[in-house]
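Trainee: Sharing upload_5.txt, compact mmCIF, C-alpha atoms:
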```txt
# COMPACT_ATOMS: atom_id res chain seq x y z
CA MET A 23 -32.87 -133.69 116.46
CA GLY A 24 -33.53 -131.31 113.56
CA HIS A 25 -34.77 -128.62 115.93
CA ARG A 26 -31.59 -128.82 118.04
CA ALA A 27 -29.41 -128.46 114.95
CA HIS A 28 -31.00 -125.05 114.21
CA GLU A 29 -30.94 -123.70 117.80
CA PRO A 30 -27.62 -121.77 117.51
CA ALA A 31 -29.03 -119.70 114.63
CA LEU A 32 -31.82 -118.45 116.90
CA GLN A 33 -29.45 -116.98 119.52
CA PRO A 34 -29.49 -113.18 119.86
CA PRO A 35 -26.52 -111.40 118.26
CA ALA A 36 -25.21 -110.19 121.65
CA GLU A 37 -25.03 -113.74 123.04
CA ALA A 38 -23.42 -115.02 119.87
CA GLY A 39 -20.87 -112.23 120.07
CA SER A 40 -19.98 -113.26 123.60
CA ARG A 41 -18.58 -116.48 122.15
CA THR A 42 -15.76 -114.66 120.39
CA PRO A 43 -12.49 -114.10 122.34
CA ALA A 44 -13.25 -110.39 122.69
CA GLY A 45 -16.79 -111.15 123.80
CA ARG A 46 -15.64 -113.68 126.37
CA THR A 47 -13.12 -111.17 127.69
CA ARG A 48 -15.83 -108.52 128.11
CA THR A 49 -18.13 -111.02 129.83
CA TRP A 50 -15.34 -112.12 132.17
CA ALA A 51 -14.40 -108.54 132.99
CA ALA A 52 -18.02 -107.59 133.69
CA GLY A 53 -18.32 -110.36 136.26
CA HIS A 54 -14.91 -109.98 137.91
CA TRP A 55 -13.95 -106.32 137.86
CA ALA A 56 -15.72 -105.33 141.10
CA GLY A 57 -14.03 -108.03 143.20
CA LEU A 58 -10.62 -107.34 141.66
CA ALA A 59 -11.13 -103.62 142.30
CA ALA A 60 -11.74 -104.45 145.97
CA CYS A 61 -8.44 -106.37 145.95
CA ALA A 62 -6.76 -103.34 144.36
CA VAL A 63 -7.85 -101.28 147.36
CA ALA A 64 -7.04 -103.91 150.00
CA VAL A 65 -3.51 -104.67 148.77
CA PRO A 66 -2.01 -101.15 149.09
CA LEU A 67 -3.83 -100.78 152.40
CA SER A 68 -2.11 -103.96 153.61
CA PHE A 69 1.27 -102.59 152.55
CA LEU A 70 0.50 -99.30 154.31
CA VAL A 71 -0.28 -101.10 157.58
CA HIS A 72 3.01 -103.01 157.27
CA LEU A 73 4.86 -99.77 156.58
CA LEU A 74 3.39 -98.15 159.68
CA VAL A 75 3.76 -101.26 161.87
CA PRO A 76 6.60 -103.41 160.41
CA SER A 77 5.91 -106.25 162.85
CA ILE A 78 2.59 -106.92 161.09
CA PRO A 79 3.20 -108.84 157.82
CA VAL A 80 1.43 -107.73 154.66
CA MET A 81 -0.17 -111.16 154.19
CA THR A 82 -1.60 -111.20 157.69
CA THR A 83 -3.21 -107.81 157.15
CA ALA A 84 -4.64 -108.91 153.80
CA VAL A 85 -6.35 -111.94 155.35
CA VAL A 86 -7.71 -109.87 158.24
CA LEU A 87 -9.09 -107.26 155.85
CA GLY A 88 -10.79 -110.01 153.89
CA ILE A 89 -12.34 -111.47 157.04
CA LEU A 90 -13.54 -108.01 158.10
CA ALA A 91 -15.07 -107.40 154.68
CA ALA A 92 -16.94 -110.70 154.89
CA ASN A 93 -18.34 -110.04 158.36
CA LEU A 94 -19.10 -106.31 158.50
CA PRO A 95 -22.81 -105.74 157.72
CA GLY A 96 -22.41 -103.32 154.82
CA ALA A 97 -19.44 -104.93 153.08
CA SER A 98 -20.67 -108.50 153.50
CA ARG A 99 -23.47 -107.89 151.00
CA LEU A 100 -20.94 -106.75 148.43
CA VAL A 101 -18.69 -109.75 149.17
CA GLU A 102 -21.59 -112.12 148.65
CA GLY A 103 -22.85 -110.24 145.60
CA PRO A 104 -20.92 -108.28 142.95
CA TRP A 105 -17.46 -108.92 144.46
CA ARG A 106 -17.75 -112.69 144.70
CA LYS A 107 -16.43 -113.75 141.28
CA GLY A 108 -13.45 -111.43 141.37
CA LEU A 109 -12.55 -112.43 144.92
CA GLY A 110 -12.85 -116.09 144.00
CA PHE A 111 -10.54 -115.57 141.02
CA ALA A 112 -7.99 -113.86 143.27
CA GLY A 113 -8.15 -116.61 145.88
CA LYS A 114 -7.47 -119.34 143.32
CA LYS A 115 -5.60 -118.05 140.27
CA LEU A 116 -3.53 -115.30 141.88
CA MET A 117 -2.58 -117.66 144.70
CA ARG A 118 -1.09 -120.06 142.14
CA ALA A 119 0.83 -117.25 140.45
CA GLY A 120 2.27 -116.22 143.81
CA ILE A 121 3.37 -119.79 144.56
CA VAL A 122 5.23 -119.95 141.24
CA LEU A 123 7.09 -116.73 142.05
CA LEU A 124 7.92 -118.08 145.51
CA GLY A 125 10.37 -120.41 143.75
CA LEU A 126 12.69 -117.50 142.99
CA LYS A 127 13.28 -117.00 146.72
CA LEU A 128 14.73 -120.48 147.14
CA SER A 129 18.20 -121.61 146.08
CA ILE A 130 19.27 -125.21 146.60
CA ILE A 131 22.78 -123.86 147.25
CA ASP A 132 21.55 -121.98 150.34
CA VAL A 133 19.83 -125.11 151.60
CA LEU A 134 22.94 -127.28 151.11
CA ASP A 135 25.03 -124.68 152.94
CA LEU A 136 23.04 -125.53 156.09
CA GLY A 137 24.63 -128.99 156.12
CA TRP A 138 22.99 -132.38 155.86
CA ALA A 139 22.35 -132.62 159.62
CA THR A 140 20.33 -129.38 159.69
CA PHE A 141 18.52 -130.31 156.48
CA GLY A 142 17.60 -133.69 157.91
CA VAL A 143 16.32 -132.21 161.17
CA VAL A 144 14.20 -129.63 159.31
CA VAL A 145 12.63 -132.28 157.08
CA LEU A 146 11.99 -134.48 160.12
CA VAL A 147 10.26 -131.59 161.92
CA VAL A 148 8.10 -130.96 158.83
CA LEU A 149 7.06 -134.63 158.58
CA LEU A 150 6.30 -134.95 162.29
CA ALA A 151 4.42 -131.64 162.33
CA PHE A 152 2.43 -132.66 159.27
CA GLY A 153 1.52 -136.07 160.67
CA GLY A 154 0.77 -134.77 164.16
CA THR A 155 -1.40 -131.91 162.92
CA TYR A 156 -3.30 -134.20 160.55
CA LEU A 157 -4.07 -136.58 163.41
CA LEU A 158 -5.17 -133.66 165.58
CA GLY A 159 -7.50 -132.52 162.81
CA LYS A 160 -9.04 -135.97 162.69
CA ALA A 161 -9.26 -136.15 166.49
CA PHE A 162 -11.11 -132.83 166.59
CA ARG A 163 -13.33 -134.07 163.73
CA LEU A 164 -12.65 -131.25 161.32
CA PRO A 165 -14.73 -131.84 158.18
CA GLY A 166 -13.66 -132.61 154.63
CA ASP A 167 -10.10 -131.75 153.62
CA GLN A 168 -9.56 -129.39 156.57
CA PRO A 169 -7.26 -131.76 158.52
CA LEU A 170 -5.02 -132.17 155.46
CA LEU A 171 -5.00 -128.47 154.60
CA VAL A 172 -4.31 -127.33 158.16
CA ALA A 173 -1.47 -129.87 158.39
CA THR A 174 0.00 -128.62 155.12
CA GLY A 175 -0.23 -124.95 156.04
CA PHE A 176 1.09 -125.31 159.58
CA SER A 177 4.00 -127.61 158.69
CA ILE A 178 5.23 -126.06 155.41
CA CYS A 179 4.51 -122.44 154.51
CA GLY A 180 1.17 -121.17 155.68
CA ALA A 181 -1.54 -119.99 153.31
CA SER A 182 0.59 -120.58 150.19
CA ALA A 183 0.88 -124.27 151.00
CA ILE A 184 -2.85 -124.47 151.75
CA GLY A 185 -3.58 -122.93 148.36
CA ALA A 186 -1.30 -125.41 146.60
CA MET A 187 -2.71 -128.45 148.38
CA SER A 188 -6.33 -127.37 147.95
CA ALA A 189 -5.72 -126.95 144.22
CA VAL A 190 -4.40 -130.46 143.71
CA ARG A 191 -7.05 -131.93 146.00
CA ARG A 192 -9.79 -129.79 144.42
CA SER A 193 -10.99 -129.00 147.90
CA ARG A 194 -14.24 -127.16 148.55
CA ASP A 195 -13.96 -123.44 149.22
CA GLU A 196 -15.34 -123.88 152.73
CA ASP A 197 -12.61 -126.42 153.47
CA THR A 198 -9.92 -123.97 152.32
CA VAL A 199 -10.87 -120.71 154.00
CA ILE A 200 -10.92 -122.00 157.59
CA PRO A 201 -7.33 -123.35 157.45
CA VAL A 202 -6.17 -120.03 155.99
CA ALA A 203 -7.79 -118.12 158.85
CA LEU A 204 -6.32 -120.50 161.43
CA VAL A 205 -2.78 -120.40 160.06
CA THR A 206 -2.96 -116.59 159.97
CA LEU A 207 -4.21 -116.45 163.55
CA CYS A 208 -1.53 -118.77 164.91
CA GLY A 209 1.24 -117.19 162.85
CA THR A 210 0.29 -113.81 164.29
CA LEU A 211 0.31 -115.36 167.75
CA ALA A 212 3.85 -116.61 167.11
CA ILE A 213 5.04 -113.07 166.30
CA ALA A 214 3.90 -111.94 169.74
CA VAL A 215 4.80 -114.98 171.86
CA LEU A 216 8.04 -116.51 170.54
CA PRO A 217 10.30 -113.47 171.17
CA LEU A 218 9.11 -113.48 174.81
CA LEU A 219 10.36 -117.07 175.18
CA MET A 220 13.85 -116.47 173.82
CA VAL A 221 15.43 -115.66 177.19
CA PRO A 222 13.51 -118.21 179.33
CA LEU A 223 14.48 -120.97 176.88
CA ARG A 224 18.11 -119.75 176.86
CA LEU A 225 18.32 -119.37 173.09
CA ASP A 226 21.07 -117.26 171.52
CA PRO A 227 20.15 -115.31 168.35
CA GLU A 228 21.27 -118.10 166.00
CA ALA A 229 19.34 -120.78 167.89
CA PHE A 230 16.30 -118.51 168.07
CA GLY A 231 16.47 -118.04 164.30
CA GLN A 232 16.58 -121.80 163.86
CA TRP A 233 13.54 -122.21 166.10
CA VAL A 234 11.55 -119.53 164.29
CA GLY A 235 12.45 -120.88 160.86
CA ALA A 236 11.44 -124.40 161.86
CA SER A 237 8.16 -123.60 163.60
CA VAL A 238 6.54 -120.38 162.30
CA HIS A 239 4.17 -120.84 159.38
CA ASP A 240 4.29 -118.07 156.75
CA VAL A 241 7.50 -116.51 155.36
CA GLY A 242 6.35 -113.01 156.32
CA GLN A 243 5.55 -114.17 159.84
CA VAL A 244 9.03 -115.73 160.08
CA VAL A 245 10.62 -112.43 159.10
CA ALA A 246 8.50 -110.46 161.58
CA THR A 247 9.35 -112.86 164.42
CA ALA A 248 13.05 -113.48 163.76
CA GLN A 249 14.02 -109.85 163.19
CA THR A 250 13.37 -109.14 166.87
CA ALA A 251 16.61 -111.01 167.64
CA GLY A 252 18.76 -109.26 165.05
CA THR A 253 20.13 -109.87 161.56
CA SER A 254 21.92 -113.14 162.34
CA ALA A 255 18.70 -114.68 163.64
CA LEU A 256 16.78 -113.36 160.64
CA ALA A 257 19.27 -114.76 158.11
CA ILE A 258 19.23 -118.32 159.42
CA ALA A 259 15.48 -118.25 160.04
CA ILE A 260 14.80 -117.40 156.39
CA VAL A 261 17.06 -120.16 155.05
CA ILE A 262 15.52 -122.79 157.33
CA LYS A 263 12.05 -121.56 156.49
CA LEU A 264 12.76 -121.80 152.76
CA THR A 265 14.07 -125.32 153.34
CA ARG A 266 10.62 -126.15 154.66
CA VAL A 267 9.14 -124.52 151.54
CA LEU A 268 11.23 -126.95 149.47
CA THR A 269 9.08 -129.81 150.77
CA LEU A 270 5.97 -128.26 149.19
CA ALA A 271 6.50 -129.84 145.76
CA PRO A 272 6.93 -133.47 146.94
CA MET A 273 4.04 -133.10 149.42
CA VAL A 274 1.71 -131.82 146.71
CA ALA A 275 2.93 -134.48 144.26
CA ALA A 276 2.20 -137.19 146.85
CA ALA A 277 -1.29 -135.76 147.39
CA GLY A 278 -1.81 -135.76 143.63
CA ILE A 279 -0.88 -139.43 143.34
CA ILE A 280 -3.13 -140.39 146.25
CA GLY A 281 -5.95 -138.29 144.82
CA ARG A 282 -5.71 -140.02 141.44
CA ARG A 283 -5.74 -143.47 143.02
CA LYS A 284 -8.73 -142.57 145.16
CA GLY A 285 -10.47 -141.09 142.12
CA ARG A 286 -10.02 -144.32 140.20
CA ALA A 287 -11.29 -146.35 143.14
CA ASP A 288 -14.36 -144.14 143.61
CA ASP A 289 -15.28 -143.38 140.02
CA GLY A 290 -13.57 -146.04 137.92
CA GLU A 291 -11.34 -145.38 134.92
CA GLU A 292 -14.31 -143.80 133.11
CA GLY A 293 -15.33 -141.57 136.02
CA LEU A 294 -14.70 -137.93 136.67
CA LYS A 295 -11.55 -136.23 135.41
CA LEU A 296 -8.70 -137.11 137.75
CA PRO A 297 -6.58 -134.39 139.38
CA PRO A 298 -3.05 -133.95 137.95
CA ILE A 299 -0.18 -135.68 139.73
CA VAL A 300 1.75 -132.40 139.81
CA PRO A 301 -0.19 -129.20 138.95
CA LEU A 302 1.27 -126.84 136.39
CA PHE A 303 1.89 -124.11 138.97
CA ILE A 304 4.00 -126.50 141.08
CA ILE A 305 6.05 -127.32 138.00
CA GLY A 306 6.52 -123.57 137.58
CA PHE A 307 7.57 -123.29 141.22
CA VAL A 308 10.19 -126.04 140.79
CA ALA A 309 11.40 -124.47 137.53
CA LEU A 310 12.03 -121.12 139.23
CA VAL A 311 13.82 -122.86 142.10
CA ALA A 312 16.08 -124.41 139.45
CA VAL A 313 16.61 -121.04 137.78
CA ARG A 314 17.59 -119.43 141.08
CA SER A 315 19.90 -122.36 141.90
CA ILE A 316 21.68 -122.59 138.54
CA PHE A 317 21.87 -119.01 137.31
CA ASP A 318 23.08 -115.80 138.87
CA VAL A 319 19.75 -113.98 138.86
CA PRO A 320 20.28 -110.19 139.11
CA ALA A 321 19.28 -108.63 142.40
CA GLU A 322 17.01 -106.19 140.57
CA VAL A 323 15.04 -109.07 139.03
CA LEU A 324 14.67 -110.76 142.41
CA GLU A 325 13.49 -107.52 143.97
CA VAL A 326 10.83 -106.97 141.31
CA ALA A 327 9.73 -110.61 141.53
CA THR A 328 9.39 -110.28 145.31
CA ILE A 329 7.22 -107.19 144.98
CA VAL A 330 5.00 -108.84 142.36
CA GLN A 331 4.74 -111.98 144.48
CA ASP A 332 3.75 -109.98 147.56
CA VAL A 333 1.09 -108.09 145.58
CA VAL A 334 -0.54 -111.17 144.03
CA LEU A 335 -0.39 -113.17 147.28
CA ALA A 336 -1.88 -110.28 149.24
CA ALA A 337 -4.73 -110.08 146.72
CA ALA A 338 -5.19 -113.86 146.91
CA LEU A 339 -5.29 -113.86 150.70
CA PHE A 340 -7.76 -110.98 150.75
CA GLY A 341 -9.93 -113.08 148.45
CA LEU A 342 -9.62 -116.15 150.66
CA GLY A 343 -10.20 -114.15 153.82
CA SER A 344 -13.41 -112.74 152.36
CA ALA A 345 -14.89 -116.25 152.38
CA VAL A 346 -14.39 -116.71 156.13
CA ARG A 347 -17.35 -116.30 158.45
CA ILE A 348 -16.43 -115.72 162.09
CA SER A 349 -19.20 -118.07 163.17
CA GLN A 350 -17.42 -120.88 161.30
CA LEU A 351 -14.38 -120.56 163.55
CA PHE A 352 -16.54 -121.19 166.59
CA ALA A 353 -18.55 -124.03 165.09
CA SER A 354 -18.62 -127.29 167.07
CA ARG A 355 -17.70 -125.43 170.27
CA GLY A 356 -14.59 -123.90 168.73
CA ALA A 357 -13.11 -127.24 167.63
CA SER A 358 -11.19 -125.55 164.80
CA LEU A 359 -9.60 -122.99 167.13
CA LEU A 360 -8.69 -125.58 169.76
CA MET A 361 -7.18 -127.85 167.14
CA ALA A 362 -5.16 -125.00 165.63
CA LEU A 363 -3.78 -123.90 169.00
CA SER A 364 -2.87 -127.51 169.82
CA SER A 365 -1.09 -127.83 166.49
CA TRP A 366 0.71 -124.52 167.02
CA ALA A 367 2.01 -125.76 170.39
CA LEU A 368 3.02 -129.09 168.82
CA ILE A 369 5.00 -127.46 166.01
CA ALA A 370 6.68 -124.99 168.38
CA GLY A 371 7.69 -127.93 170.58
CA LEU A 372 8.99 -129.95 167.64
CA GLY A 373 10.95 -126.96 166.35
CA TYR A 374 12.50 -126.40 169.77
CA ALA A 375 13.42 -130.08 170.04
CA GLY A 376 15.06 -129.80 166.62
CA VAL A 377 17.16 -126.84 167.80
CA LEU A 378 18.29 -128.77 170.88
CA LEU A 379 19.19 -131.72 168.66
CA LEU A 380 21.35 -129.52 166.43
CA GLN A 381 23.17 -128.13 169.47
CA MET A 382 24.22 -131.57 170.71
```
What would the structure in this file look like if it were written as structure tokens?
Mentor:
Amino acid sequence: MGHRAHEPALQPPAEAGSRTPAGRTRTWAAGHWAGLAACAVAVPLSFLVHLLVPSIPVMTTAVVLGILAANLPGASRLVEGPWRKGLGFAGKKLMRAGIVLLGLKLSIIDVLDLGWATFGVVVLVVLLAFGGTYLLGKAFRLPGDQPLLVATGFSICGASAIGAMSAVRRSRDEDTVIPVALVTLCGTLAIAVLPLLMVPLRLDPEAFGQWVGASVHDVGQVVATAQTAGTSALAIAIVIKLTRVLTLAPMVAAAGIIGRRKGRADDGEEGLKLPPIVPLFIIGFVALVAVRSIFDVPAEVLEVATIVQDVVLAAALFGLGSAVRISQLFASRGASLLMALSSWALIAGLGYAGVLLLQM
């Protein structure tokens, strides 16, 4: 015991200095700067692609760039080596910051303006899509938390919802990255396919906007898809989409409660630290929804917040994409891909049924 009491005095001065706030900051920066620098290159490149081809959302490009970096021979060594810590930080911490800022896009007033019938149909579509996709994930035997995360991302708001749910569930990285890749793939597919179905399904611009808002995953993908039918379709698609986003907080809170109960059952009251019922970043998300709903937030503030949110989410999705290995998508004879396509068809069908119900 006496020897252990004197051990700290034997530490080298450099290591002792690393325990000060300044030392910890230098140590953190040394381990993370390379990965964050890669994000700093990928983010403007994603915006440039969107500027050149507006139909391709920034977030989609960011994920694709991350996947390419992880699978190209030269870059993959950097992703696995000096970039890893910084990319991991982006995928977790910056994702949470982006989710908080997402709250400023949503006003309860806009949701209530839809009417209770529309609100009820949207929530019903979300619940059915969530339950159906979760069961599909189980049927296709996706491992770990993947069925839950795919269901969350497909039914609510894409990669942002996956990031929120994985945080409260404390999911493994390998369980998170595959759902992100799948929701990006299917959301991109929606941009190409849904506009082609507008005329065969006899949807006017307003009804098409309702369908897109109810069935396309990510906000950027909704914008890219709905704008093909004009401004009226885009306006209603965004409001319905953000109504789906509103369900993120209660879904995550429910997962937190279930996770705590399961933690107690598995580990006992004295076991591992239990996950929070509602994570701090979800509280921040709800707080900003309240701010947007109660106060007249200046347009300039909203514009800046949107830019910041897009930047941090693009960095986060580049980080998440960099953990995806193409071989993983084709594991178990492509079970993940088949499940995702089945879920995409299910949600598109549910969304279309919801539109027909509103037209009755």
Trainee: With only C-alpha atoms as the basis for distance, which of A:Leu126, A:Cys61, A:Leu100, A:Ala248 is at the shortest distance from Gln331 of chain A?
Mentor: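 Using only C-alpha atoms, the shortest distance to Gln331 of chain A belongs to A:Leu126.
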Trainee: For Arg224 of chain A, which residue among A:Trp50, A:Phe317, A:Tyr374, A:Trp55 is the nearest when counting only C-alpha atoms?
Mentor: A:Tyr374
Trainee: Residues within 9 Å of Val311 of chain A, please, as a list in words. Count all atoms listed in the file; anything in the same chain fewer than 5 positions from it doesn't count.
Mentor: Leu124, Gly125, Leu126, Lys127, Leu128, Ser129, Ile130, Leu268, Gly306 and Ile316 of chain A
Trainee: At a cut-off of 10 Å, can you tabulate as JSON lines every residue of segment 190-271 of chain A near segment 164-172 of chain A together with its closest atom pair and the distance in Å to one decimal, using all atoms listed in the file and ordering rows by chain then number?
Mentor:
```
{"residue": "A:Arg191", "atom": "CA", "partner": "A:Asp167", "partner_atom": "CA", "distance": 8.2}
{"residue": "A:Arg192", "atom": "CA", "partner": "A:Asp167", "partner_atom": "CA", "distance": 9.4}
{"residue": "A:Ser193", "atom": "CA", "partner": "A:Asp167", "partner_atom": "CA", "distance": 6.4}
{"residue": "A:Arg194", "atom": "CA", "partner": "A:Asp167", "partner_atom": "CA", "distance": 8.0}
{"residue": "A:Glu196", "atom": "CA", "partner": "A:Gln168", "partner_atom": "CA", "distance": 8.9}
{"residue": "A:Asp197", "atom": "CA", "partner": "A:Gln168", "partner_atom": "CA", "distance": 5.3}
{"residue": "A:Thr198", "atom": "CA", "partner": "A:Gln168", "partner_atom": "CA", "distance": 6.9}
{"residue": "A:Val199", "atom": "CA", "partner": "A:Gln168", "partner_atom": "CA", "distance": 9.1}
{"residue": "A:Ile200", "atom": "CA", "partner": "A:Gln168", "partner_atom": "CA", "distance": 7.6}
{"residue": "A:Pro201", "atom": "CA", "partner": "A:Val172", "partner_atom": "CA", "distance": 5.0}
{"residue": "A:Val202", "atom": "CA", "partner": "A:Val172", "partner_atom": "CA", "distance": 7.8}
{"residue": "A:Ala203", "atom": "CA", "partner": "A:Val172", "partner_atom": "CA", "distance": 9.9}
{"residue": "A:Leu204", "atom": "CA", "partner": "A:Val172", "partner_atom": "CA", "distance": 7.8}
{"residue": "A:Val205", "atom": "CA", "partner": "A:Val172", "partner_atom": "CA", "distance": 7.3}
```
Trainee: Keeping only C-alpha atoms, take the residues you just selected and write them out as a CSV table (one decimal), keeping the file's coordinate frame.
Mentor:
```csv
chain,number,residue,atom,x,y,z
A,191,ARG,CA,-7.0,-131.9,146.0
A,192,ARG,CA,-9.8,-129.8,144.4
A,193,SER,CA,-11.0,-129.0,147.9
A,194,ARG,CA,-14.2,-127.2,148.6
A,196,GLU,CA,-15.3,-123.9,152.7
A,197,ASP,CA,-12.6,-126.4,153.5
A,198,THR,CA,-9.9,-124.0,152.3
A,199,VAL,CA,-10.9,-120.7,154.0
A,200,ILE,CA,-10.9,-122.0,157.6
A,201,PRO,CA,-7.3,-123.4,157.4
A,202,VAL,CA,-6.2,-120.0,156.0
A,203,ALA,CA,-7.8,-118.1,158.8
A,204,LEU,CA,-6.3,-120.5,161.4
A,205,VAL,CA,-2.8,-120.4,160.1
```
Trainee: Would you work out the distance separating atom CA of Gly376 of chain A from atom CA of Leu211 of chain A, expressed in Å to one decimal?
Mentor: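 One can read the atom CA of Gly376 of chain A to atom CA of Leu211 of chain A distance as 20.7 Å.
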Trainee: Ala246 of chain A: which residues within 7 Å, counting all atoms listed in the file, same-chain residues fewer than 6 positions away excluded, as a PDB file with C-alpha atoms, in the frame of the given file?
Mentor:
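For reference, part-v3.pdb as written:
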```pdb
ATOM      1  CA  SER A  77       5.910-106.250 162.850  1.00  0.00           C
ATOM      2  CA  ILE A  78       2.590-106.920 161.090  1.00  0.00           C
ATOM      3  CA  PRO A  79       3.200-108.840 157.820  1.00  0.00           C
ATOM      4  CA  ILE A 213       5.040-113.070 166.300  1.00  0.00           C
TER       5      ILE A 213
END
```
Trainee: Which one is closest to Ile258 of chain A: A:Asp135, A:Gly341, A:Tyr156, A:Ala84? Count all atoms listed in the file.
Mentor: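 Looking only at the distances to Ile258 of chain A, the closest residue turns out to be A:Asp135.
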Trainee: So the first atom is atom CA of Val86 of chain A and the second is atom CA of Gln249 of chain A; what is the distance between them in Å, to one decimal place?
Mentor: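 Taking atom CA of Val86 of chain A and atom CA of Gln249 of chain A, their separation equals 22.3 Å.
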Trainee: Go ahead and compute the interatomic distance for atom CA of Val326 of chain A and atom CA of Leu123 of chain A, in Å to one decimal.
Mentor: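 Separation between atom CA of Val326 of chain A and atom CA of Leu123 of chain A: 10.5 Å.
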Trainee: Report as an mmCIF file with C-alpha atoms, in the frame of the given file all protein, DNA and RNA residues lying within 12 Å of Leu302 of chain A, evaluated on all atoms listed in the file, omitting residues in the same chain fewer than 4 positions from it.
Mentor:
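The file below, result27.cif, is the result:
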```cif
data_model
loop_
_atom_site.group_PDB
_atom_site.id
_atom_site.type_symbol
_atom_site.label_atom_id
_atom_site.label_comp_id
_atom_site.auth_asym_id
_atom_site.auth_seq_id
_atom_site.Cartn_x
_atom_site.Cartn_y
_atom_site.Cartn_z
ATOM 1 C CA LYS A 115 -5.600 -118.050 140.270
ATOM 2 C CA ARG A 118 -1.090 -120.060 142.140
ATOM 3 C CA ALA A 119 0.830 -117.250 140.450
ATOM 4 C CA ILE A 121 3.370 -119.790 144.560
ATOM 5 C CA VAL A 122 5.230 -119.950 141.240
ATOM 6 C CA ALA A 186 -1.300 -125.410 146.600
ATOM 7 C CA ALA A 189 -5.720 -126.950 144.220
ATOM 8 C CA VAL A 190 -4.400 -130.460 143.710
ATOM 9 C CA ALA A 271 6.500 -129.840 145.760
ATOM 10 C CA VAL A 274 1.710 -131.820 146.710
ATOM 11 C CA ALA A 275 2.930 -134.480 144.260
ATOM 12 C CA GLY A 278 -1.810 -135.760 143.630
ATOM 13 C CA PRO A 297 -6.580 -134.390 139.380
ATOM 14 C CA PRO A 298 -3.050 -133.950 137.950
ATOM 15 C CA GLY A 306 6.520 -123.570 137.580
ATOM 16 C CA PHE A 307 7.570 -123.290 141.220
ATOM 17 C CA VAL A 308 10.190 -126.040 140.790
ATOM 18 C CA ALA A 309 11.400 -124.470 137.530
#
```
